[in-house]
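Enquirer: As input, take final23.txt (compact mmCIF, C-alpha atoms):
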# COMPACT_ATOMS: atom_id res chain seq x y z
CA MET I 19 -176.87 24.08 -52.87
CA VAL I 20 -176.31 21.86 -49.87
CA PHE I 21 -172.73 20.94 -50.71
CA ASN I 22 -169.93 23.47 -50.79
CA THR I 23 -167.79 23.53 -53.88
CA GLY I 24 -164.19 23.40 -52.70
CA ALA I 25 -161.46 25.23 -54.56
CA ALA I 26 -159.97 22.18 -56.24
CA LEU I 27 -163.38 21.26 -57.61
CA LEU I 28 -163.96 24.83 -58.73
CA ASP I 29 -160.60 24.77 -60.53
CA ALA I 30 -161.50 21.47 -62.14
CA ILE I 31 -164.90 22.73 -63.29
CA VAL I 32 -163.40 25.90 -64.78
CA LEU I 33 -160.68 23.91 -66.54
CA ALA I 34 -163.29 21.53 -67.93
CA VAL I 35 -165.45 24.40 -69.16
CA VAL I 36 -162.50 26.14 -70.84
CA ASN I 37 -161.27 22.84 -72.24
CA LYS I 38 -164.54 22.35 -74.14
CA GLU I 39 -163.78 25.34 -76.37
CA GLU I 40 -160.87 24.60 -78.62
CA ASP I 41 -160.32 28.25 -79.50
CA GLY I 42 -160.74 29.41 -75.97
CA THR I 43 -163.57 31.23 -74.26
CA TYR I 44 -164.14 34.44 -72.29
CA GLY I 45 -165.00 35.38 -68.73
CA TYR I 46 -168.71 36.03 -69.08
CA LYS I 47 -169.32 32.83 -71.03
CA ILE I 48 -167.22 30.79 -68.60
CA THR I 49 -169.29 32.11 -65.72
CA GLN I 50 -172.56 31.28 -67.47
CA ASP I 51 -171.32 27.78 -68.35
CA VAL I 52 -170.13 27.10 -64.83
CA ARG I 53 -173.44 28.33 -63.44
CA ARG I 54 -175.29 25.75 -65.47
CA ALA I 55 -173.64 23.15 -63.26
CA ILE I 56 -173.19 24.83 -59.89
CA GLU I 57 -174.23 27.98 -58.08
CA VAL I 58 -171.42 30.51 -58.01
CA SER I 59 -171.60 34.22 -57.55
CA GLU I 60 -170.50 36.46 -60.41
CA SER I 61 -167.43 37.54 -58.48
CA THR I 62 -166.18 34.06 -57.66
CA LEU I 63 -164.55 33.20 -60.94
CA TYR I 64 -162.21 36.11 -61.60
CA PRO I 65 -159.72 35.12 -58.89
CA VAL I 66 -159.95 31.50 -60.02
CA LEU I 67 -159.22 32.39 -63.63
CA ARG I 68 -156.42 34.74 -62.62
CA ARG I 69 -154.83 32.07 -60.47
CA LEU I 70 -155.11 29.35 -63.10
CA GLN I 71 -153.52 31.78 -65.51
CA LYS I 72 -150.66 32.53 -63.13
CA ASP I 73 -150.16 28.85 -62.45
CA GLY I 74 -149.81 28.30 -66.20
CA CYS I 75 -152.93 26.15 -66.52
CA LEU I 76 -154.63 28.75 -68.69
CA GLU I 77 -153.25 31.15 -71.26
CA VAL I 78 -154.90 34.35 -72.36
CA TYR I 79 -155.05 36.20 -75.63
CA ASP I 80 -157.03 39.19 -76.80
CA LEU I 81 -159.26 39.04 -79.84
CA GLU I 82 -161.12 41.90 -81.38
CA CYS I 83 -164.84 41.59 -81.05
CA GLY I 84 -167.35 44.34 -81.75
CA GLY I 85 -164.84 47.15 -81.75
CA ARG I 86 -163.04 46.17 -78.59
CA ASN I 87 -160.64 43.56 -77.37
CA ARG I 88 -162.11 40.58 -75.69
CA ARG I 89 -159.87 38.48 -73.48
CA TYR I 90 -159.97 34.79 -74.23
CA TYR I 91 -158.85 31.97 -71.96
CA LYS I 92 -157.40 28.79 -73.39
CA ILE I 93 -156.24 25.66 -71.66
CA THR I 94 -152.49 24.92 -71.72
CA GLU I 95 -150.60 21.65 -71.77
CA LYS I 96 -150.14 21.95 -68.03
CA GLY I 97 -153.81 22.71 -67.63
CA SER I 98 -154.77 19.56 -69.54
CA VAL I 99 -152.54 17.45 -67.32
CA GLN I 100 -154.08 19.08 -64.25
CA LEU I 101 -157.58 18.53 -65.59
CA ASN I 102 -156.86 14.84 -66.22
CA LEU I 103 -155.61 14.51 -62.66
CA TYR I 104 -158.80 16.14 -61.39
CA ARG I 105 -160.90 13.80 -63.56
CA THR I 106 -159.25 10.68 -62.19
CA GLU I 107 -159.52 11.95 -58.64
CA TRP I 108 -163.15 12.87 -59.11
CA GLU I 109 -163.90 9.48 -60.65
CA SER I 110 -162.64 7.63 -57.61
CA TYR I 111 -164.04 10.14 -55.12
CA SER I 112 -167.54 10.33 -56.58
CA SER I 113 -167.87 6.60 -57.26
CA LYS I 114 -166.92 5.78 -53.68
CA ILE I 115 -169.41 8.27 -52.30
CA SER I 116 -172.13 7.01 -54.66
CA LEU I 117 -171.42 3.46 -53.60
CA LEU I 118 -171.63 4.48 -49.99
CA PHE I 119 -174.94 6.25 -50.57
CA SER I 120 -176.35 3.21 -52.37
CA GLY I 121 -175.73 1.16 -49.24
CA GLU I 122 -173.43 -1.39 -50.84
CA GLU I 123 -170.10 -2.57 -49.48
CA ILE I 124 -166.97 -0.76 -50.55
CA ILE I 125 -164.62 -3.28 -52.07
CA MET N 14 -175.45 52.41 -58.77
CA ASN N 15 -174.82 51.96 -62.47
CA ARG N 16 -171.98 50.28 -64.28
CA ASN N 17 -169.77 53.35 -64.51
CA GLU N 18 -170.16 54.19 -60.85
CA PHE N 19 -169.47 50.58 -59.99
CA MET N 20 -166.27 50.49 -62.05
CA GLU N 21 -165.07 53.83 -60.74
CA ARG N 22 -165.56 52.77 -57.16
CA LEU N 23 -163.83 49.46 -57.87
CA GLU N 24 -160.87 51.29 -59.38
CA GLN N 25 -160.61 53.45 -56.27
CA LEU N 26 -160.75 50.46 -54.01
CA LEU N 27 -158.07 48.64 -55.97
CA GLY N 28 -155.76 51.66 -55.71
CA ASP N 29 -153.37 49.88 -53.38
CA ILE N 30 -152.71 46.71 -55.35
CA PRO N 31 -149.99 46.32 -58.01
CA LEU N 32 -150.77 48.14 -61.25
CA GLU N 33 -150.76 44.94 -63.29
CA GLU N 34 -153.32 43.31 -61.04
CA ARG N 35 -155.51 46.39 -61.04
CA VAL N 36 -155.47 46.68 -64.82
CA GLU N 37 -156.24 42.97 -65.22
CA ALA N 38 -159.14 43.02 -62.80
CA LEU N 39 -160.69 46.18 -64.19
CA ALA N 40 -160.32 44.89 -67.76
CA TYR N 41 -161.99 41.65 -66.74
CA TYR N 42 -165.02 43.30 -65.16
CA ASN N 43 -165.29 45.86 -67.96
CA GLY N 44 -165.28 43.05 -70.49
CA TYR N 45 -167.73 41.17 -68.34
CA PHE N 46 -170.23 44.03 -68.48
CA GLU N 47 -169.67 44.38 -72.21
CA ASP N 48 -170.28 40.71 -72.88
CA ALA N 49 -173.29 40.58 -70.62
CA GLY N 50 -174.89 43.46 -72.50
CA PRO N 51 -176.79 46.45 -71.13
CA GLU N 52 -179.89 44.33 -70.47
CA ASN N 53 -178.00 42.33 -67.82
CA GLU N 54 -176.22 45.28 -66.24
CA ALA N 55 -178.53 45.73 -63.27
CA ARG N 56 -178.64 42.00 -62.55
CA ILE N 57 -174.87 41.70 -62.57
CA ILE N 58 -174.38 44.71 -60.32
CA ARG N 59 -176.88 43.20 -57.92
CA GLU N 60 -175.16 39.81 -57.98
CA LEU N 61 -171.71 41.29 -57.56
CA GLU N 62 -173.15 42.84 -54.38
CA SER N 63 -170.84 45.83 -54.18
CA PRO N 64 -167.49 47.12 -55.45
CA GLU N 65 -166.24 46.63 -51.89
CA ALA N 66 -167.07 42.93 -51.94
CA VAL N 67 -165.47 42.41 -55.34
CA ALA N 68 -162.35 44.34 -54.34
CA ALA N 69 -162.05 42.39 -51.10
CA ILE N 70 -162.18 39.08 -52.97
CA ILE N 71 -159.55 40.20 -55.47
CA LYS N 72 -157.26 41.55 -52.75
CA ALA N 73 -157.62 38.49 -50.59
CA ASP N 74 -156.52 36.31 -53.46
CA ILE N 75 -153.51 38.49 -54.24
CA GLY N 76 -152.60 38.56 -50.56
CA VAL N 77 -152.53 34.80 -50.50
CA GLU N 78 -150.31 34.65 -53.56
CA GLU N 79 -147.79 36.96 -51.94
CA GLU N 80 -147.85 35.02 -48.72
CA LYS N 81 -147.03 31.87 -50.60
CA GLU N 82 -144.14 33.46 -52.43
CA TYR N 83 -142.41 35.38 -49.72
CA THR N 84 -142.78 33.54 -46.45
CA GLU N 85 -140.84 30.52 -45.40
CA THR N 86 -142.63 29.93 -42.14
CA GLY N 87 -144.65 27.27 -43.82
CA TYR N 88 -148.01 25.74 -43.96
CA GLN N 89 -149.74 26.57 -40.72
CA ASP N 90 -148.66 30.17 -40.68
CA THR N 91 -150.01 30.76 -44.13
CA ARG N 92 -153.29 29.21 -43.25
CA PHE N 93 -153.52 31.36 -40.16
CA GLN N 94 -152.92 34.49 -42.16
CA GLN N 95 -155.49 33.39 -44.68
CA LYS N 96 -157.97 33.09 -41.89
CA GLU N 97 -157.23 36.63 -40.86
CA ALA N 98 -157.46 37.81 -44.41
CA MET N 99 -160.80 36.10 -44.70
CA GLU N 100 -162.08 37.71 -41.55
CA SER N 101 -161.13 41.14 -42.81
CA ARG N 102 -162.56 40.32 -46.19
CA ARG N 103 -165.79 39.32 -44.58
CA SER N 104 -166.08 42.50 -42.57
CA GLU N 105 -165.17 44.62 -45.57
CA GLY N 106 -167.76 42.84 -47.59
CA GLN N 107 -170.37 43.43 -44.96
CA THR N 108 -169.74 47.12 -44.64
CA GLY N 109 -169.96 47.31 -48.39
CA ASP N 110 -173.30 45.55 -48.41
CA GLY N 111 -175.11 48.39 -46.74
CA ALA N 112 -176.52 50.20 -49.73
CA GLU N 113 -178.09 47.24 -51.48
CA ALA N 114 -178.19 44.65 -48.76
CA SER N 115 -180.13 41.59 -49.80
CA GLY N 116 -180.46 38.25 -48.10
CA SER N 117 -179.43 36.22 -51.10
CA GLY N 118 -176.48 38.47 -51.76
CA THR N 119 -174.96 37.92 -48.36
CA ALA N 120 -175.50 34.20 -48.63
CA GLY N 121 -173.60 34.33 -51.88
CA THR N 122 -170.52 35.89 -50.32
CA SER N 123 -170.35 33.53 -47.44
CA ASP N 124 -170.57 30.69 -49.88
CA PHE N 125 -167.63 32.13 -51.69
CA HIS N 126 -165.69 32.51 -48.48
CA THR N 127 -165.89 28.83 -47.80
CA ALA N 128 -164.97 27.97 -51.33
CA GLY N 129 -162.13 30.46 -51.26
CA SER N 130 -160.66 29.29 -48.02
CA LYS N 131 -160.71 25.70 -49.13
CA ALA N 132 -159.21 26.75 -52.41
CA ASP N 133 -156.19 28.30 -50.81
CA PHE N 134 -155.91 25.39 -48.47
CA SER N 135 -155.76 22.70 -51.12
CA ARG N 136 -153.69 24.88 -53.40
CA ASN N 137 -150.99 25.08 -50.80
CA LYS N 138 -151.17 21.36 -50.42
CA ALA N 139 -150.84 20.84 -54.14
CA ASP N 140 -147.90 23.23 -54.33
CA SER N 141 -145.96 21.31 -51.78
CA ALA N 142 -146.63 18.11 -53.65
CA GLY N 143 -143.59 16.59 -51.98
CA SER N 144 -145.57 17.47 -48.86
CA GLN N 145 -142.44 18.49 -46.98
CA SER N 146 -144.02 21.46 -45.34
CA ASN N 147 -147.25 19.61 -44.72
CA GLY N 148 -145.74 16.36 -43.50
CA SER N 149 -142.78 17.69 -41.56
CA GLN N 150 -144.95 18.89 -38.74
CA ASP N 151 -146.40 15.57 -37.65
CA PRO N 152 -143.09 13.71 -37.17
CA ASN N 153 -141.80 16.76 -35.35
CA ARG N 154 -144.66 16.72 -32.92
CA THR N 155 -144.40 12.98 -32.38
CA LEU N 156 -140.69 13.37 -31.71
CA LYS N 157 -141.37 16.06 -29.16
CA ILE N 158 -143.91 13.89 -27.39
CA VAL N 159 -141.55 10.91 -27.33
CA LEU N 160 -138.72 13.05 -25.92
CA LEU N 161 -140.99 14.46 -23.26
CA VAL N 162 -142.12 11.00 -22.24
CA ILE N 163 -138.50 9.82 -22.02
CA ALA N 164 -137.59 12.87 -19.95
CA ALA N 165 -140.56 12.24 -17.68
CA VAL N 166 -139.53 8.60 -17.16
CA LEU N 167 -135.88 9.50 -16.51
CA THR N 168 -136.76 12.12 -13.95
CA SER N 169 -139.49 9.97 -12.41
CA PRO N 170 -137.58 9.23 -9.13
CA LEU N 171 -137.37 12.95 -8.51
CA TRP N 172 -140.91 13.98 -9.28
CA LEU N 173 -142.37 10.81 -7.79
CA ALA N 174 -140.60 11.63 -4.53
CA VAL N 175 -141.79 15.22 -4.64
CA LEU N 176 -145.28 14.11 -5.52
CA GLY N 177 -145.27 11.49 -2.77
CA THR N 178 -144.06 14.00 -0.22
CA LEU N 179 -146.70 16.48 -1.24
CA ALA N 180 -149.42 13.84 -1.11
CA GLY N 181 -148.16 12.72 2.32
CA MET N 182 -148.16 16.26 3.60
CA LEU N 183 -151.64 16.84 2.31
CA LEU N 184 -152.87 13.63 3.89
CA GLY N 185 -151.18 14.63 7.16
CA VAL N 186 -152.86 18.01 7.16
CA VAL N 187 -156.24 16.45 6.39
CA GLY N 188 -155.74 13.87 9.16
CA THR N 189 -154.74 16.55 11.65
CA VAL N 190 -157.74 18.68 10.81
CA ILE N 191 -160.12 15.75 11.11
CA GLY N 192 -158.45 14.75 14.42
CA ILE N 193 -158.86 18.26 15.80
CA LEU N 194 -162.47 18.32 14.70
CA LEU N 195 -163.19 15.00 16.38
CA ALA N 196 -161.42 16.08 19.58
CA PHE N 197 -163.41 19.28 19.57
CA SER N 198 -166.69 17.41 19.16
CA VAL N 199 -165.81 15.00 21.93
CA THR N 200 -164.91 17.90 24.22
CA VAL N 201 -168.27 19.52 23.54
CA LEU N 202 -170.00 16.25 24.29
CA VAL N 203 -168.08 15.88 27.54
CA PHE N 204 -168.99 19.46 28.52
CA TYR N 205 -172.67 18.64 28.02
CA LEU N 206 -172.38 15.51 30.14
CA LEU N 207 -170.44 17.29 32.90
CA GLY N 208 -172.86 20.24 32.85
CA PHE N 209 -175.86 17.99 33.40
CA LEU N 210 -173.97 15.87 35.90
CA PHE N 211 -172.97 18.95 37.93
CA GLY N 212 -176.58 20.16 37.80
CA GLY N 213 -177.82 16.80 39.05
CA ILE N 214 -175.23 16.61 41.83
CA SER N 215 -175.94 20.20 42.91
CA VAL N 216 -179.66 19.32 43.29
CA SER N 217 -178.78 16.46 45.64
CA ILE N 218 -176.37 18.75 47.57
CA PHE N 219 -179.19 21.32 47.92
CA ALA N 220 -181.40 18.57 49.25
CA ALA N 221 -178.68 17.70 51.77
CA GLY N 222 -178.57 21.39 52.89
CA GLY N 223 -175.20 22.50 51.44
CA ILE N 224 -176.39 25.67 49.71
CA ALA N 225 -172.97 27.28 49.10
CA SER N 226 -171.29 24.26 47.54
CA GLY N 227 -174.55 23.41 45.73
CA LEU N 228 -174.71 26.88 44.14
CA GLY N 229 -171.02 26.70 43.20
CA LEU N 230 -171.51 23.35 41.52
CA LEU N 231 -174.68 24.53 39.76
CA GLY N 232 -172.81 27.63 38.55
CA SER N 233 -169.93 25.66 37.07
CA GLY N 234 -172.42 23.23 35.55
CA LEU N 235 -174.24 26.11 33.83
CA ILE N 236 -170.94 27.57 32.58
CA LEU N 237 -170.03 24.17 31.14
CA LEU N 238 -173.43 23.95 29.41
CA ALA N 239 -172.97 27.43 27.96
CA LEU N 240 -169.54 26.45 26.62
CA ALA N 241 -171.02 23.25 25.21
CA LEU N 242 -173.75 25.20 23.41
CA ALA N 243 -171.18 27.57 21.92
CA GLY N 244 -169.11 24.53 20.91
CA THR N 245 -172.15 23.01 19.20
CA VAL N 246 -172.54 26.10 17.08
CA GLY N 247 -168.84 25.87 16.25
CA CYS N 248 -169.22 22.18 15.34
CA VAL N 249 -172.13 22.86 13.03
CA TRP N 250 -170.10 25.51 11.26
CA LEU N 251 -167.02 23.32 11.04
CA TYR N 252 -168.86 20.27 9.65
CA GLY N 253 -171.22 22.22 7.42
CA LYS N 254 -168.86 24.81 5.98
CA PHE N 255 -165.22 24.17 6.71
CA LEU N 256 -165.03 20.47 5.84
CA PRO N 257 -166.79 20.76 2.47
CA TRP N 258 -164.62 23.79 1.69
CA MET N 259 -161.47 21.87 2.52
CA PHE N 260 -162.45 18.87 0.40
CA ARG N 261 -163.36 21.09 -2.50
CA GLY N 262 -159.99 22.77 -2.21
CA ILE N 263 -158.21 19.44 -2.24
CA ALA N 264 -160.20 18.21 -5.21
CA LEU N 265 -159.38 21.40 -7.09
CA LEU N 266 -155.71 21.07 -6.22
CA CYS N 267 -155.62 17.47 -7.46
CA ARG N 268 -157.38 18.39 -10.68
CA ARG N 269 -154.95 21.24 -11.32
CA LEU N 270 -152.02 18.97 -10.59
CA PHE N 271 -153.19 16.25 -12.98
CA GLN N 272 -154.17 18.67 -15.70
CA GLY N 273 -150.81 20.33 -15.43
CA ARG N 274 -149.07 17.02 -15.88
CA ARG N 275 -151.21 16.05 -18.80
CA SER N 276 -150.56 19.26 -20.68
CA ALA N 277 -146.86 18.99 -19.96
CA ALA N 278 -146.70 15.51 -21.50
Mind turning the file's structure into structure tokens?
Expert:
Amino acid sequence: MVFNTGAALLDAIVLAVVNKEEDGTYGYKITQDVRRAIEVSESTLYPVLRRLQKDGCLEVYDLECGGRNRRYYKITEKGSVQLNLYRTEWESYSSKISLLFSGEEII
Amino acid sequence: MNRNEFMERLEQLLGDIPLEERVEALAYYNGYFEDAGPENEARIIRELESPEAVAAIIKADIGVEEEKEYTETGYQDTRFQQKEAMESRRSEGQTGDGAEASGSGTAGTSDFHTAGSKADFSRNKADSAGSQSNGSQDPNRTLKIVLLVIAAVLTSPLWLAVLGTLAGMLLGVVGTVIGILLAFSVTVLVFYLLGFLFGGISVSIFAAGGIASGLGLLGSGLILLALALAGTVGCVWLYGKFLPWMFRGIALLCRRLFQGRRSAA
């Protein structure tokens, strides 16, 4: 991809992906979902998930699946607030850039 | 390298991080392999590049967390250390590449590096939402500049006098040198004229029969001409080499002086 995905955007994308699953989702699936939107290497997301978890934006719980425990990530209240902030920011950021690219005046 | 070898190596490499972090990371990647299924194992190992690269990324992130928690030196320091951490991470990643180096793989890491560095950057910003640590630096710098300007204005009589004296001295030296050069040139010119004049007069004395005085005059005329020729060589050297050298030196001095003042302000 031409454009680099900054950390805030990466956080926002991960939060949005996790937010879609009401019962939470797991690392491999999150990676695959994120990769449908942007190119990230397999090793990119672990630190992001760990950090979001430490910051209290994500909570984890283990659920048995096929004879082993699978770790699920779920968005927290704080994470939802953060995600909404990212959404608003992205709205204004992307619409301004799009407007600029279209050649119209910024009001 | 298969999955077990990969995980074993990763565990070794994570030996020096806190137990909790190590357990978390290993559980994550174990689960990752499980969820991906055996059919994706080779692809994932290839995309993860190497245990070294994965470990470096994990460690770099933990390092940043600790920095944030335990230092009070603030924003810029942290960023600087992150840069260093990134550098080391990069080199670690590259040494790890060796075995299964692939063009796309390396591109992948560097992509992550940029993302990672920006991540930490904006995270710090978000953490100090009150932006004390971020904002406090700019007013500080402005204050310093203002104080320096005030100090410069207050002490201006002193340094203006010193500067003026220095400039005057320099100008005096330059004037003296140019004066000496001109005097030297004129002397050489006069020697030429006198040399030829003496030669001419001696010829007329010879014609009048005064051989002794004629020879004497011719001799001194020739000596004068020889001196004049030597002087010419000296002149050429002075004008061609010494003058340009002197002006270059002065220009350099001025530049240093002004640059020094600018950086002080």
Enquirer: With a cut-off of 9 Å, could you pull out the residues of chain I touching chain N and give me the nearest pair of atoms for each, distance in Å to one decimal, using only C-alpha atoms, ordered by chain and ascending number, as CSV?
Expert:
residue,atom,partner,partner_atom,distance
I:Asn22,CA,N:Ala128,CA,6.7
I:Thr23,CA,N:Ala128,CA,5.8
I:Gly24,CA,N:Ala128,CA,4.8
I:Ala25,CA,N:Ala132,CA,3.5
I:Ala26,CA,N:Ala132,CA,6.0
I:Leu27,CA,N:Ala132,CA,8.6
I:Leu28,CA,N:Ala128,CA,8.1
I:Asp29,CA,N:Ala132,CA,8.5
I:Tyr44,CA,N:Tyr45,CA,8.6
I:Gly45,CA,N:Tyr45,CA,6.4
I:Tyr46,CA,N:Tyr45,CA,5.3
I:Lys47,CA,N:Asp48,CA,8.2
I:Glu57,CA,N:Gly121,CA,8.9
I:Val58,CA,N:Gly121,CA,7.5
I:Ser59,CA,N:Gly121,CA,6.0
I:Glu60,CA,N:Leu61,CA,5.7
I:Ser61,CA,N:Leu61,CA,5.8
I:Thr62,CA,N:Phe125,CA,6.4
I:Tyr64,CA,N:Tyr41,CA,7.6
I:Pro65,CA,N:Ile71,CA,6.1
I:Val66,CA,N:Asp74,CA,8.8
I:Arg68,CA,N:Glu37,CA,8.6
I:Arg69,CA,N:Asp74,CA,8.4
I:Arg86,CA,N:Gly44,CA,9.0
I:Asn87,CA,N:Gly44,CA,8.3
I:Arg88,CA,N:Gly44,CA,6.6
I:Arg89,CA,N:Gly44,CA,7.7
Enquirer: Can you work out which one of N:Leu235, N:Ala165, N:Leu194, N:Met182 has the shortest atom-to-atom distance to Phe255 (chain N), counting only C-alpha atoms?
Expert: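 Using only C-alpha atoms, the shortest distance to Phe255 (chain N) belongs to N:Leu194.
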Enquirer: Between CA of Glu40 (chain I) and CA of Thr94 (chain I), measure the distance and give it in Å to one decimal.
Expert: 10.9 Å
Enquirer: Just how far from CA of Val36 (chain I) is CA of Gly74 (chain I), in Å to one decimal?
Expert: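 Computing the Euclidean distance for CA of Gly74 (chain I) and CA of Val36 (chain I) yields 13.7 Å.
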Enquirer: What is the distance, in Å and to one decimal place, between CA of Ser233 (chain N) and CA of Gly192 (chain N)?
Expert: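 Computing the Euclidean distance for CA of Ser233 (chain N) and CA of Gly192 (chain N) yields 27.6 Å.
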Enquirer: Name the residues within 12 Å of (-170.8, 16.8, 30.2), counting all atoms listed in the file in the file's coordinates, and put them as a PyMOL selection string.
Expert: chain N and resi 198-213+233-242
Enquirer: Which residue out of I:Gln71, I:Ile56, I:Lys92, I:Leu76 has the minimum interatomic distance to Lys38 (chain I) when all atoms listed in the file are used?
Expert: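 Selected residue with least distance to Lys38 (chain I): I:Lys92.
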Enquirer: Which protein, DNA or RNA residues have an atom at most 8 Å from (-148.7, 43.6, -54.1), counting only C-alpha atoms? List them as a PyMOL selection string.
Expert: chain N and resi 29-31+75-76+79
